[in-house]
$ cat protein.cif   # mmCIF, C-alpha atoms and all ligand atoms
data_run
loop_
_atom_site.label_atom_id
_atom_site.label_comp_id
_atom_site.auth_asym_id
_atom_site.auth_seq_id
_atom_site.Cartn_x
_atom_site.Cartn_y
_atom_site.Cartn_z
CA LEU I 1 -41.43 12.91 14.78
CA SER I 2 -39.31 10.07 13.51
CA GLU I 3 -36.24 10.99 11.48
CA PRO I 4 -35.34 8.79 8.54
CA ALA I 5 -32.48 6.46 9.53
CA LEU I 6 -29.14 8.00 8.61
CA PHE I 7 -27.47 4.65 8.00
CA GLY I 8 -28.85 1.38 6.70
CA GLN I 9 -28.74 -1.82 8.71
CA TRP I 10 -29.58 -5.34 7.57
CA ARG I 11 -29.60 -8.59 9.62
CA HIS I 12 -29.24 -12.13 8.39
CA GLY I 13 -28.12 -15.41 9.95
CA GLY I 14 -26.29 -13.92 12.93
CA PHE I 15 -24.57 -11.18 10.92
CA VAL I 16 -25.26 -7.48 10.39
CA ILE I 17 -24.45 -5.19 7.47
CA SER I 18 -24.29 -1.50 8.35
CA THR I 19 -23.47 1.60 6.31
CA ASP I 20 -22.41 3.52 9.45
CA PRO I 21 -18.72 4.25 8.70
CA ALA I 22 -18.04 4.80 12.42
CA ARG I 23 -18.64 1.08 13.06
CA VAL I 24 -15.82 -0.07 10.77
CA ASP I 25 -12.86 -1.55 12.66
CA ILE I 26 -10.27 0.54 10.83
CA ASP I 27 -7.31 -1.19 12.50
CA THR I 28 -8.43 -4.62 11.31
CA ALA I 29 -9.55 -3.44 7.87
CA ALA I 30 -6.33 -1.50 7.29
CA ARG I 31 -4.17 -4.38 8.49
CA TRP I 32 -5.97 -6.82 6.20
CA LEU I 33 -5.77 -4.51 3.19
CA ALA I 34 -2.10 -3.62 3.79
CA GLU I 35 -0.85 -7.12 4.59
CA THR I 36 -3.16 -9.58 2.80
CA SER I 37 -4.98 -7.94 -0.10
CA TYR I 38 -3.41 -8.21 -3.55
CA TRP I 39 -4.58 -4.71 -4.56
CA ALA I 40 -3.71 -2.38 -1.67
CA ASN I 41 -0.55 -3.85 -0.21
CA GLY I 42 1.15 -1.36 2.10
CA VAL I 43 -1.82 1.03 2.19
CA PRO I 44 -1.40 3.38 5.19
CA ARG I 45 -4.06 3.27 7.95
CA ASP I 46 -5.02 6.92 7.50
CA VAL I 47 -5.71 6.35 3.79
CA VAL I 48 -8.09 3.50 4.68
CA ALA I 49 -9.79 5.67 7.32
CA ARG I 50 -10.36 8.48 4.81
CA ALA I 51 -11.55 6.05 2.12
CA VAL I 52 -14.08 4.46 4.50
CA ALA I 53 -15.33 7.86 5.67
CA GLY I 54 -15.60 9.22 2.13
CA SER I 55 -17.38 6.23 0.56
CA LEU I 56 -20.71 4.52 0.99
CA THR I 57 -19.12 1.77 3.09
CA PHE I 58 -20.89 -1.50 3.86
CA GLY I 59 -19.40 -3.08 6.99
CA LEU I 60 -20.13 -6.70 7.87
CA TYR I 61 -20.29 -7.63 11.59
CA VAL I 62 -21.05 -10.58 13.85
CA GLU I 63 -24.45 -9.66 15.31
CA GLU I 64 -23.77 -10.92 18.85
CA THR I 65 -20.35 -9.35 19.41
CA GLY I 66 -20.19 -6.59 16.81
CA ALA I 67 -16.87 -8.03 15.62
CA PHE I 68 -15.79 -6.84 12.18
CA ALA I 69 -16.11 -9.64 9.60
CA GLY I 70 -15.57 -7.90 6.26
CA MET I 71 -16.57 -4.96 4.13
CA ALA I 72 -17.07 -3.47 0.72
CA ARG I 73 -17.18 0.19 -0.20
CA VAL I 74 -18.82 2.09 -3.03
CA VAL I 75 -17.41 5.36 -4.37
CA THR I 76 -20.44 7.05 -5.87
CA ASP I 77 -22.37 10.22 -6.69
CA ARG I 78 -25.55 8.29 -5.71
CA ALA I 79 -27.16 9.34 -9.00
CA THR I 80 -25.28 8.10 -12.09
CA PHE I 81 -22.17 6.11 -11.20
CA ALA I 82 -20.74 3.71 -8.63
CA TYR I 83 -17.30 2.16 -8.22
CA LEU I 84 -17.24 -0.97 -6.07
CA CYS I 85 -13.96 -1.72 -4.29
CA ASP I 86 -12.22 -3.15 -1.21
CA VAL I 87 -14.55 -6.17 -1.12
CA PHE I 88 -13.40 -8.78 1.41
CA VAL I 89 -14.69 -11.20 4.00
CA LEU I 90 -12.21 -12.16 6.75
CA GLU I 91 -11.11 -15.79 6.51
CA PRO I 92 -13.02 -17.27 9.48
CA PHE I 93 -16.30 -16.06 7.96
CA ARG I 94 -15.83 -17.22 4.35
CA GLY I 95 -17.78 -19.88 2.51
CA ARG I 96 -21.20 -19.19 4.05
CA GLY I 97 -22.64 -16.81 1.47
CA LEU I 98 -21.71 -13.55 3.19
CA SER I 99 -20.13 -11.95 0.12
CA LYS I 100 -23.25 -12.79 -1.88
CA TRP I 101 -25.44 -11.19 0.80
CA LEU I 102 -23.11 -8.17 0.79
CA LEU I 103 -23.42 -7.86 -3.02
CA GLU I 104 -27.22 -8.25 -2.87
CA THR I 105 -27.43 -5.56 -0.20
CA ILE I 106 -25.14 -3.21 -2.14
CA THR I 107 -26.86 -3.61 -5.50
CA GLY I 108 -30.26 -3.25 -3.80
CA HIS I 109 -29.35 -0.13 -1.82
CA PRO I 110 -31.90 2.66 -2.42
CA ASP I 111 -29.20 5.26 -3.18
CA LEU I 112 -27.67 3.04 -5.87
CA GLN I 113 -30.70 2.48 -8.12
CA GLY I 114 -30.99 3.71 -11.71
CA LEU I 115 -27.25 4.30 -12.13
CA ARG I 116 -25.89 4.47 -15.65
CA ARG I 117 -22.70 2.56 -14.83
CA TRP I 118 -21.01 0.50 -12.14
CA LEU I 119 -17.30 -0.37 -12.31
CA LEU I 120 -15.05 -2.74 -10.41
CA PHE I 121 -11.69 -4.41 -10.74
CA THR I 122 -11.09 -8.05 -9.86
CA ALA I 123 -8.30 -10.55 -10.42
CA ASP I 124 -10.26 -13.77 -9.94
CA ALA I 125 -13.77 -13.21 -8.53
CA HIS I 126 -15.48 -12.57 -11.89
CA ALA I 127 -17.97 -15.40 -11.30
CA LEU I 128 -19.13 -13.80 -8.04
CA TYR I 129 -19.80 -10.41 -9.65
CA GLU I 130 -21.37 -11.83 -12.83
CA ARG I 131 -24.34 -12.93 -10.69
CA TYR I 132 -25.02 -9.25 -9.98
CA GLY I 133 -24.87 -8.11 -13.60
CA PHE I 134 -21.18 -7.20 -13.95
CA GLN I 135 -19.58 -8.04 -17.32
CA PRO I 136 -16.20 -7.48 -18.96
CA LEU I 137 -15.84 -4.01 -20.50
CA THR I 138 -17.83 -3.81 -23.74
CA SER I 139 -15.55 -1.10 -25.17
CA PRO I 140 -12.14 -1.24 -23.47
CA ASP I 141 -10.81 1.11 -26.16
CA ARG I 142 -13.07 3.82 -24.69
CA VAL I 143 -11.78 3.43 -21.15
CA MET I 144 -8.69 5.23 -19.88
CA GLU I 145 -7.05 5.28 -16.50
CA ARG I 146 -4.37 7.05 -14.53
CA HIS I 147 -2.85 4.20 -12.61
CA ASN I 148 -0.10 4.31 -10.01
CA PRO I 149 0.25 0.70 -8.84
CA ASP I 150 3.29 1.50 -6.67
CA ILE I 151 1.60 4.32 -4.77
CA TYR I 152 1.87 2.48 -1.40
CA ALA I 153 5.21 0.78 -2.04
CA HIS I 154 7.14 3.45 -0.17
CA ALA I 155 4.48 4.09 2.47
CA ALA I 156 5.18 1.02 4.64
CA PRO I 157 7.11 1.71 7.84
CA ALA I 158 10.81 1.24 7.18
CA LYS I 159 11.40 -1.55 9.70
CA GLU I 160 15.11 -1.78 8.95
CA ASN I 161 15.51 1.80 10.21
CA ASN I 162 13.97 0.93 13.59
CA PRO I 163 16.55 -1.14 15.46
C1 LIG I 201 -14.04 -13.31 -2.55
C2 LIG I 201 -14.62 -13.35 -1.14
C3 LIG I 201 -15.12 -11.94 -0.78
C4 LIG I 201 -15.78 -14.34 -1.09
O1 LIG I 201 -16.39 -14.27 0.19
P1 LIG I 201 -17.30 -15.44 0.79
O2 LIG I 201 -18.22 -14.85 1.80
O3 LIG I 201 -16.43 -16.55 1.27
O4 LIG I 201 -18.10 -15.92 -0.50
P2 LIG I 201 -19.54 -16.62 -0.54
O5 LIG I 201 -19.61 -17.68 0.53
O6 LIG I 201 -20.58 -15.55 -0.51
O7 LIG I 201 -19.53 -17.32 -1.97
C5 LIG I 201 -19.03 -16.65 -3.09
C6 LIG I 201 -19.46 -17.36 -4.33
O8 LIG I 201 -18.70 -16.76 -5.39
C7 LIG I 201 -17.85 -17.74 -5.96
N1 LIG I 201 -16.53 -17.14 -6.24
C8 LIG I 201 -16.16 -16.71 -7.42
N2 LIG I 201 -14.92 -16.26 -7.39
C9 LIG I 201 -14.49 -16.35 -6.13
C10 LIG I 201 -13.29 -16.01 -5.47
N3 LIG I 201 -12.25 -15.48 -6.12
N4 LIG I 201 -13.17 -16.25 -4.17
C11 LIG I 201 -14.20 -16.82 -3.49
N5 LIG I 201 -15.38 -17.14 -4.06
C12 LIG I 201 -15.52 -16.91 -5.38
C13 LIG I 201 -17.77 -18.89 -4.93
O9 LIG I 201 -17.47 -20.08 -5.59
C14 LIG I 201 -19.16 -18.85 -4.34
O10 LIG I 201 -20.07 -19.46 -5.23
P3 LIG I 201 -21.12 -20.63 -4.75
O11 LIG I 201 -22.12 -19.94 -3.90
O12 LIG I 201 -21.68 -21.10 -6.05
O13 LIG I 201 -20.31 -21.62 -4.00
C15 LIG I 201 -13.58 -13.83 -0.09
O14 LIG I 201 -13.05 -15.07 -0.49
C16 LIG I 201 -12.44 -12.85 0.09
O15 LIG I 201 -12.53 -11.92 0.88
N6 LIG I 201 -11.34 -13.07 -0.63
C17 LIG I 201 -10.18 -12.22 -0.56
C18 LIG I 201 -10.47 -10.85 -1.08
C19 LIG I 201 -10.93 -10.86 -2.50
O16 LIG I 201 -10.41 -11.56 -3.35
N7 LIG I 201 -11.94 -10.03 -2.75
C20 LIG I 201 -12.49 -9.83 -4.05
C21 LIG I 201 -11.61 -8.88 -4.75
S1 LIG I 201 -12.39 -8.21 -6.16
#
$ encode --input "protein.cif" --output "structure tokens"
Amino acid sequence: LSEPALFGQWRHGGFVISTDPARVDIDTAARWLAETSYWANGVPRDVVARAVAGSLTFGLYVEETGAFAGMARVVTDRATFAYLCDVFVLEPFRGRGLSKWLLETITGHPDLQGLRRWLLFTADAHALYERYGFQPLTSPDRVMERHNPDIYAHAAPAKENNP
């Protein structure tokens, strides 16, 4: 008897997308998010590990070597709502359509069909997400948030205390 595949896997142009969270290179992802991203600066490694494990995470890999090339994760109930976040492609792999393939794969995922709402935040990639149906909030006055932008500010290792 064949079991249904637990995790999805898609191949295209020498790259693989997988939803197996165990494949994510947490060290590289956490380092990129903590040091380079504009939204999660200073995020501790264990927070990234828990976020990846607790989300529907789409990892992007070089097919031949398995090297981690980027990711996106979806926080979702898989029935009504999905929040898309931590979308990035590592620099050597940019400019060849991989983020568009990632977005196509995510929005086409069988567990993410028929949802009432998707949300995301972006500083400058609006044009990328518009292709997949995202639009500015229609009623911002109906949306509230609890936001703690400095949550990771004190989490970074205090280098000055380590002579
Ligand atoms: C944004 C990012 C994921 C794009 O990845 P990529 O694989 O190089 O993108 P693609 O090759 O699939 O092309 C993306 C398309 O979206 C467009 N685009 C819109 N906003 C963009 C942005 N801020 N950065 C890059 N591309 C953007 C590009 O012009 C391109 O359109 P084209 O096909 O008409 O040329 C990548 O630059 C990245 O990781 N940036 C840093 C992290 C980030 O900003 N993530 C998004 C946060 S919400």
$ closest_atom_pairs --input "protein.cif" --of "chain I" --to "ligand LIG 201 (chain I)" --cutoff "12 Å" --atoms "all atoms listed in the file" --output "Markdown table"
| residue | atom | partner | partner_atom | distance |
| --- | --- | --- | --- | --- |
| I:Phe15 | CA | I:LIG201 | O2 | 11.7 |
| I:Ala29 | CA | I:LIG201 | O15 | 11.4 |
| I:Trp32 | CA | I:LIG201 | C18 | 9.5 |
| I:Leu33 | CA | I:LIG201 | C18 | 9.0 |
| I:Glu35 | CA | I:LIG201 | C18 | 11.8 |
| I:Thr36 | CA | I:LIG201 | C17 | 8.2 |
| I:Ser37 | CA | I:LIG201 | C18 | 6.3 |
| I:Tyr38 | CA | I:LIG201 | O16 | 7.8 |
| I:Trp39 | CA | I:LIG201 | C21 | 8.2 |
| I:Ala40 | CA | I:LIG201 | C21 | 10.7 |
| I:Leu60 | CA | I:LIG201 | O2 | 10.3 |
| I:Ala69 | CA | I:LIG201 | O2 | 9.6 |
| I:Gly70 | CA | I:LIG201 | O15 | 7.4 |
| I:Met71 | CA | I:LIG201 | C3 | 8.7 |
| I:Ala72 | CA | I:LIG201 | C3 | 8.8 |
| I:Arg73 | CA | I:LIG201 | S1 | 11.4 |
| I:Tyr83 | CA | I:LIG201 | S1 | 11.7 |
| I:Leu84 | CA | I:LIG201 | S1 | 8.7 |
| I:Cys85 | CA | I:LIG201 | S1 | 6.9 |
| I:Asp86 | CA | I:LIG201 | C21 | 6.8 |
| I:Val87 | CA | I:LIG201 | N7 | 4.9 |
| I:Phe88 | CA | I:LIG201 | O15 | 3.3 |
| I:Val89 | CA | I:LIG201 | O15 | 3.9 |
| I:Leu90 | CA | I:LIG201 | O15 | 5.9 |
| I:Glu91 | CA | I:LIG201 | O15 | 7.0 |
| I:Pro92 | CA | I:LIG201 | O3 | 8.9 |
| I:Phe93 | CA | I:LIG201 | O2 | 6.6 |
| I:Arg94 | CA | I:LIG201 | O3 | 3.2 |
| I:Gly95 | CA | I:LIG201 | O5 | 3.5 |
| I:Arg96 | CA | I:LIG201 | O5 | 4.1 |
| I:Gly97 | CA | I:LIG201 | O6 | 3.1 |
| I:Leu98 | CA | I:LIG201 | O2 | 4.0 |
| I:Ser99 | CA | I:LIG201 | O6 | 3.7 |
| I:Lys100 | CA | I:LIG201 | O6 | 4.1 |
| I:Trp101 | CA | I:LIG201 | O6 | 6.7 |
| I:Leu102 | CA | I:LIG201 | O6 | 7.9 |
| I:Leu103 | CA | I:LIG201 | O6 | 8.6 |
| I:Glu104 | CA | I:LIG201 | O6 | 10.1 |
| I:Leu119 | CA | I:LIG201 | S1 | 11.1 |
| I:Leu120 | CA | I:LIG201 | S1 | 7.4 |
| I:Phe121 | CA | I:LIG201 | S1 | 6.0 |
| I:Thr122 | CA | I:LIG201 | S1 | 3.9 |
| I:Ala123 | CA | I:LIG201 | S1 | 6.4 |
| I:Asp124 | CA | I:LIG201 | N3 | 4.6 |
| I:Ala125 | CA | I:LIG201 | N2 | 3.5 |
| I:His126 | CA | I:LIG201 | N2 | 5.8 |
| I:Ala127 | CA | I:LIG201 | C8 | 4.5 |
| I:Leu128 | CA | I:LIG201 | O8 | 4.0 |
| I:Tyr129 | CA | I:LIG201 | C8 | 7.6 |
| I:Glu130 | CA | I:LIG201 | C8 | 9.0 |
| I:Arg131 | CA | I:LIG201 | O8 | 8.6 |
| I:Tyr132 | CA | I:LIG201 | O8 | 10.8 |
| I:Phe134 | CA | I:LIG201 | S1 | 11.8 |
$ residues_around --input "protein.cif" --residues "range 139-152 of chain I" --least-positions-apart "6" --cutoff "10 Å" --atoms "all atoms listed in the file" --output "MDAnalysis selection string"
chainID I and resid 34 39:44 47
$ atom_distance --input "protein.cif" --atom1 "CA of Arg45 in chain I" --atom2 "CA of Thr105 in chain I"
26.3 Å
$ closest_residue --input "protein.cif" --among "I:Val16, I:Ala53, I:Leu6, I:Ala22" --to "Thr65 in chain I" --atoms "only C-alpha atoms"
I:Val16
$ atom_distance --input "protein.cif" --atom1 "CA of Ala30 in chain I" --atom2 "CA of Phe58 in chain I"
15.0 Å
$ atom_distance --input "protein.cif" --atom1 "CA of Arg117 in chain I" --atom2 "CA of Val24 in chain I"
26.6 Å
$ axis_aligned_box --input "protein.cif" --around "range 63-69 of chain I" --padding-each-side "8 Å" --output "AutoDock Vina command-line options"
--center_x -20.1 --center_y -8.8 --center_z 14.5 --size_x 24.7 --size_y 20.3 --size_z 25.8
$ residues_near_point --input "protein.cif" --point "(-17.2, 4.3, 0.4)" --cutoff "6 Å" --atoms "all atoms listed in the file" --output "list in words"
Val52, Gly54, Ser55, Leu56, Thr57, Arg73, Val74 and Val75 of chain I
